[in-house]
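Colleague: Once you've had a glance at the structure underneath, I'll fire off some questions.
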Amino acid sequence: MRIGLFVACLTDTLFPGTARATVRVLERLGYDVVFPREQTCCGQAHHTSGYRREAAALAGRFASVFARCDLVVTPSASCAAMVRTGYPRLAERERRLARVPRVLELSEFLVDVAGVTDVGATFPHRVTYHPTCQSLRALKVGDRPLRLLRAVRGLELAELPAAEECCGFGGTFAWKNADTSVAIVADKVRHIGETGAEVVCAVDDACLTQISGAMSRLRGGVRTLHLAEILASDTGEVPR
Amino acid sequence: MSPAPRPGAGAGGAGGAPAPGAGYPWGHLLGRGPRSPRAGEPRFADTARASLGQSAARTSRATAAAEQRADRRAGRRAEPDWAGLRRAATAVRERALADLERHLTEFEKRAEAAGTRVHWARDAAEAGRIVARVAAGTGARDAVRSSSATAGELRLDAHLLRAGITVHETAVADLIAGLAHEPPESESRTVRRHDRAGARAVLARRLPGAATDLRADPGALVAVAREYLRETLLEAGTAITGANALVAETGSVVAMETEGNVRMGAAMPRALITVAGIDKVVPAWADIAVLARVWARSATGAAQAPVVSTWTGPVEGDGPDEVHVVLVDAGRSATLGDPVGRQALRCIQCTACLDVCPVFERTGAAPYGSVHAGPIGAALAPQLRGTASAREASLPFASTLCGACAEVCPVGVDIPEILLELRARVVDERRANAVPTPEALAAQSAEWVMAEERRFARAQRAGSRWARLLARSGRLRRLPGLLGRWTEARDFPVPPAESFRAWWARRRRALLLGAAIRPPRAGPGASAQRPPAEKPTAPPNPMEGGPPLADPGDGREGGTP
């Protein structure tokens, strides 16, 4: 089985550690992933901002770049959701979307394809988990990330109050409606604080950019990490 | 009153002109010029800023929303098969909309046979004229109105005031809002913006007959409001109601409520006028059985609405002498013509989506600019009124697309899908302009960059270099231009010197050469930001007050003290 890695443009640029951690986890489990270097962007930001023509072009590009993969794994839940729920809406504009490879978010791949919840990670810290909207409602990953976290050695999982509420990012919403976006994330940050966790993790770097952006400005003292970075840790450290 | 001439009407619907809506009973309502754009009204974001500053209202909204969410969750759990009920309700609404023409024709026939006068209104102005004419005909100067989203949408009160008729609100929350000179919320039932003290202050100060030492407890407040409302209801010549549904097979009106003011309003005055959108008609009473159930579960969580009123024309010697129904289009038939947007007309106004919306909870109804607020408002208002004005064009973007609304909608309206469709519509309308917007230029440039991996890699390197020059203590405190709204209240991560694709390429080269991976040569400005990739990290030592974890060398900063 040829497994392609789609890292997402945001992760590639801002959070390469997430993608490196994803590679490390997959390789540790014995999977040899390929990274088609022609990959750029899935078109999600264009699609959700109303730029369908541009989104369709990028979606078509994605489909042809990953055409030779049997399966694509990505650490970005919202990109996986874009491919699975957004691409069908663009299919009439773009003939290359007639065939789109199956795309799984990392936790889906680990639990459903690899069939593991214990990936051999050690992370002795108090961690809370924010279920991102696209992972929760579009992909329906359910408790897969939590099952993975519960199997991490030393990890103390703290329940996040009002966990299923959006972080307020919403792509260009964070700019177009910046005040409302900040009002929403303020409550998310407050709830994270209430958990007493050292780390908040999620399966999407976009949402984590929003949460860490607000916490950093407030000097909130809670670290944001992608789930992959915790799962890649075998020493209790965040690996490079 | 008989309806206006309706070319193309009739069961067969074999209309003359191939205009949109031809063949519908309200076919004549279309094509008489554009719906009036209300240019110049502020965008959602501009009004939201003010709403966000009203802390008391926000707190009470958040509290009310949390209570409502809990009530509804309990209600849905109490249903043995909520998913099945939801599918049934969706099917009921879809069946009604799919054959609206026939149901409307049937409703008109049955209602007129029962003595109800059925009127057709193309838009708000026409509906206003009809209602004002009927109200004036009673000879009384006062009318009572029970909260009706359609009446609010059409701004009927203003039309009536111009005709010399004063309209009195009869829902307690609307009464208080009216006394406080606040614009009516979309659904006062769920939006308890006034805490007890606030409600007490408004009632004590403004309600005729209220004692100044009125106690701030719900019983006392409702009692004083009730006293006043009973008098008003007894004196009014006209009652104006909305409808939850119109039943075609008998020509009946169905209204569900929590307070009982519709019931009393419908019983007392001389003339009873129901103003309803054409989307409200359903074929049969069997449909009401399903809709009433999901409405109650989704509106309050209860198994049934506290008060359900139904009426079918006037009854000799009992209740109103005249019963009218005004069927209003006001953009609905155009909405019905949109393959994606039409599902918004399934809405049964339960308000469940409002109470799960992260945006609505913070901003309240005001920034939406009409009674159609919250997620469904953002999906419906731009369809009913068009996207010509700045406000309506901004509404589809007033959502994080989190999907919580679609999850709770009892009639399966995929609100995010509609919003995406409307966003594309707004963008495409702007593409027609000679001068592209800065946003469009940015979107097109981004697509051009992403269309070629070399361009993307080059942009990554350039962006990272600039960002690291502008960074202060490992974060961006201010982004330039269009991006600047982010950093008004949030930091932005600094991209590390080496992107993932660069790391991958370096690793591949190293593997091919069989050599150890060497750290990248640090670029200008990179040295202070990022340690070499292979440097072992210091073990975390929370006791020293340092960061609990080693820095992964990413742009993500989690609040290093």
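If you're wondering about the labels, chains in the structure tokens are A, B, ... by order shown, residues count from 1 in each chain, ligands from 1 in order shown.
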Just list the residues in segment 16-239 of chain A DSSP gives alpha helix (DSSP H) on the backbone, as a PyMOL selection string.

Modeller: chain A and resi 16-28+44-48+52-65+77-81+87-90+106-108+133+144-150+173-176+178-195+205-218+227-232

Colleague: Name the residues in contact with Asp12 of chain A at a cut-off of 9 Å, using only C-alpha atoms, excluding same-chain residues fewer than 6 positions from it; report them as a VMD selection string.

Modeller: (chain A and resid 18 to 19 40) or (chain B and resid 460 499 to 501)

Colleague: Which residues come within 9 Å of segment 205-222 of chain A, counting only C-alpha atoms, excluding same-chain residues fewer than 5 positions away, as a ChimeraX atom specification?

Modeller: /A:10-11,14-15,18,75-78,132,166-171,174,181-182,185-186,188-189,192-193,196-200 /B:475,477,486-487,489-493,547-548,556-561

Colleague: Pull N, CA and C atoms from the residues just selected and write them as a compact mmCIF listing (two decimals), in the first residue's frame.

Modeller:
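Generated output (result-v3.txt):
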```txt
# COMPACT_ATOMS: atom_id res chain seq x y z
N LEU A 10 -0.13 25.19 5.77
CA LEU A 10 0.09 25.92 7.02
C LEU A 10 1.07 25.18 7.92
N THR A 11 0.88 23.88 8.02
CA THR A 11 1.77 23.06 8.84
C THR A 11 3.17 23.03 8.25
N LEU A 14 4.50 26.81 8.97
CA LEU A 14 4.57 27.34 10.33
C LEU A 14 4.91 26.28 11.38
N PHE A 15 4.45 25.06 11.16
CA PHE A 15 4.61 24.03 12.19
C PHE A 15 5.22 22.75 11.62
N THR A 18 5.06 19.42 13.53
CA THR A 18 3.89 18.54 13.47
C THR A 18 4.09 17.47 12.39
N PRO A 75 -1.99 15.40 9.01
CA PRO A 75 -2.20 15.83 10.39
C PRO A 75 -3.19 16.99 10.49
N SER A 76 -3.81 17.38 9.36
CA SER A 76 -4.75 18.50 9.38
C SER A 76 -6.18 18.00 9.17
N ALA A 77 -6.98 18.04 10.24
CA ALA A 77 -8.36 17.56 10.15
C ALA A 77 -9.18 18.39 9.17
N SER A 78 -8.95 19.70 9.15
CA SER A 78 -9.78 20.53 8.28
C SER A 78 -9.45 20.30 6.80
N THR A 132 -11.47 19.68 17.48
CA THR A 132 -11.74 20.75 16.52
C THR A 132 -13.03 20.45 15.77
N CYS A 166 -16.48 25.69 19.29
CA CYS A 166 -15.48 26.20 18.33
C CYS A 166 -14.46 27.11 19.02
N CYS A 167 -13.24 27.17 18.46
CA CYS A 167 -12.22 28.06 18.99
C CYS A 167 -12.33 29.46 18.40
N GLY A 168 -13.19 29.62 17.38
CA GLY A 168 -13.37 30.95 16.80
C GLY A 168 -12.47 31.25 15.62
N PHE A 169 -11.69 30.27 15.18
CA PHE A 169 -10.77 30.55 14.05
C PHE A 169 -11.55 30.73 12.74
N GLY A 170 -12.06 29.63 12.20
CA GLY A 170 -12.93 29.74 11.02
C GLY A 170 -12.27 30.31 9.78
N GLY A 171 -10.97 30.09 9.59
CA GLY A 171 -10.30 30.57 8.37
C GLY A 171 -10.31 32.08 8.31
N ALA A 174 -11.43 34.69 11.09
CA ALA A 174 -10.54 35.23 12.12
C ALA A 174 -10.08 36.64 11.79
N SER A 181 -14.18 36.70 16.65
CA SER A 181 -13.26 35.57 16.71
C SER A 181 -12.48 35.57 18.03
N VAL A 182 -12.05 36.75 18.43
CA VAL A 182 -11.29 36.87 19.68
C VAL A 182 -12.20 36.64 20.88
N VAL A 185 -12.49 32.88 21.20
CA VAL A 185 -11.28 32.20 21.69
C VAL A 185 -10.98 32.57 23.14
N ALA A 186 -11.44 33.73 23.57
CA ALA A 186 -11.22 34.13 24.96
C ALA A 186 -11.84 33.11 25.90
N LYS A 188 -12.50 29.97 25.11
CA LYS A 188 -11.75 28.71 24.94
C LYS A 188 -10.50 28.73 25.82
N VAL A 189 -9.81 29.85 25.79
CA VAL A 189 -8.59 29.99 26.59
C VAL A 189 -8.91 29.90 28.08
N ILE A 192 -9.48 26.29 28.91
CA ILE A 192 -8.21 25.57 28.93
C ILE A 192 -7.50 25.84 30.26
N GLY A 193 -7.53 27.10 30.67
CA GLY A 193 -6.92 27.47 31.94
C GLY A 193 -7.52 26.70 33.11
N GLY A 196 -6.07 23.26 34.27
CA GLY A 196 -4.77 23.14 34.92
C GLY A 196 -3.75 22.38 34.08
N ALA A 197 -4.04 22.25 32.80
CA ALA A 197 -3.13 21.49 31.93
C ALA A 197 -1.91 22.32 31.55
N GLU A 198 -0.79 21.62 31.32
CA GLU A 198 0.41 22.29 30.81
C GLU A 198 0.32 22.44 29.30
N VAL A 199 -0.40 21.50 28.69
CA VAL A 199 -0.44 21.43 27.23
C VAL A 199 -1.88 21.26 26.77
N VAL A 200 -2.25 21.99 25.71
CA VAL A 200 -3.52 21.72 25.03
C VAL A 200 -3.16 21.18 23.65
N ARG B 475 7.81 35.86 18.52
CA ARG B 475 6.43 35.90 18.00
C ARG B 475 6.23 37.19 17.22
N ARG B 477 4.14 40.33 16.75
CA ARG B 477 3.18 41.15 17.50
C ARG B 477 2.31 41.98 16.58
N TRP B 486 -5.52 40.23 12.64
CA TRP B 486 -5.17 39.09 13.51
C TRP B 486 -4.46 39.56 14.76
N THR B 487 -3.47 40.41 14.55
CA THR B 487 -2.59 40.76 15.67
C THR B 487 -3.12 41.90 16.52
N ALA B 489 -5.34 41.40 18.67
CA ALA B 489 -5.48 40.76 19.98
C ALA B 489 -4.79 39.41 20.08
N ARG B 490 -4.09 39.01 19.02
CA ARG B 490 -3.44 37.69 19.04
C ARG B 490 -2.03 37.82 18.50
N ASP B 491 -1.14 36.99 18.98
CA ASP B 491 0.18 36.90 18.37
C ASP B 491 0.10 35.96 17.18
N PHE B 492 1.08 36.05 16.31
CA PHE B 492 1.14 35.13 15.18
C PHE B 492 2.47 34.39 15.26
N PRO B 493 2.44 33.09 14.94
CA PRO B 493 3.69 32.33 15.06
C PRO B 493 4.72 32.75 14.01
N PRO B 547 9.80 27.01 30.83
CA PRO B 547 8.76 26.35 30.04
C PRO B 547 8.72 24.87 30.39
N PRO B 548 7.54 24.31 30.48
CA PRO B 548 7.44 22.92 30.91
C PRO B 548 8.03 21.95 29.91
N ARG B 556 5.20 27.92 16.84
CA ARG B 556 4.13 27.93 17.83
C ARG B 556 4.69 28.30 19.19
N GLU B 557 4.07 29.27 19.79
CA GLU B 557 4.49 29.70 21.12
C GLU B 557 3.31 29.52 22.04
N GLY B 558 3.51 28.85 23.10
CA GLY B 558 2.37 28.57 23.96
C GLY B 558 2.34 29.38 25.22
N GLY B 559 3.02 30.45 25.31
CA GLY B 559 2.93 31.23 26.53
C GLY B 559 4.13 30.96 27.42
N THR B 560 5.28 31.05 26.84
CA THR B 560 6.49 31.00 27.64
C THR B 560 6.46 32.19 28.57
N PRO B 561 6.59 31.98 29.85
CA PRO B 561 6.43 33.12 30.76
C PRO B 561 7.54 34.15 30.57
```

Colleague: At a cut-off of 9 Å, using only C-alpha atoms, what residues contact Cys9 of chain A? Leave out same-chain residues fewer than 5 positions from it and give the result as a PyMOL selection string.

Modeller: (chain A and resi 14+39-42) or (chain B and resi 450+456)

Colleague: What's the separation between atom CA of Ala381 of chain B and atom CA of Thr180 of chain A, in Å to one decimal place?

Modeller: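 Distance between the two atoms: 20.0 Å.
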
Colleague: Find the residue from B:Arg102, B:Arg155, B:Arg215, B:Arg458 that sits nearest to chain A; use only C-alpha atoms when measuring.

Modeller: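 Closest to chain A of all the choices is B:Arg458.
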
Colleague: When you draw a straight line from atom CA of Thr48 of chain A to atom CA of Arg423 of chain B, how long is it in Å?

Modeller: 7.7 Å
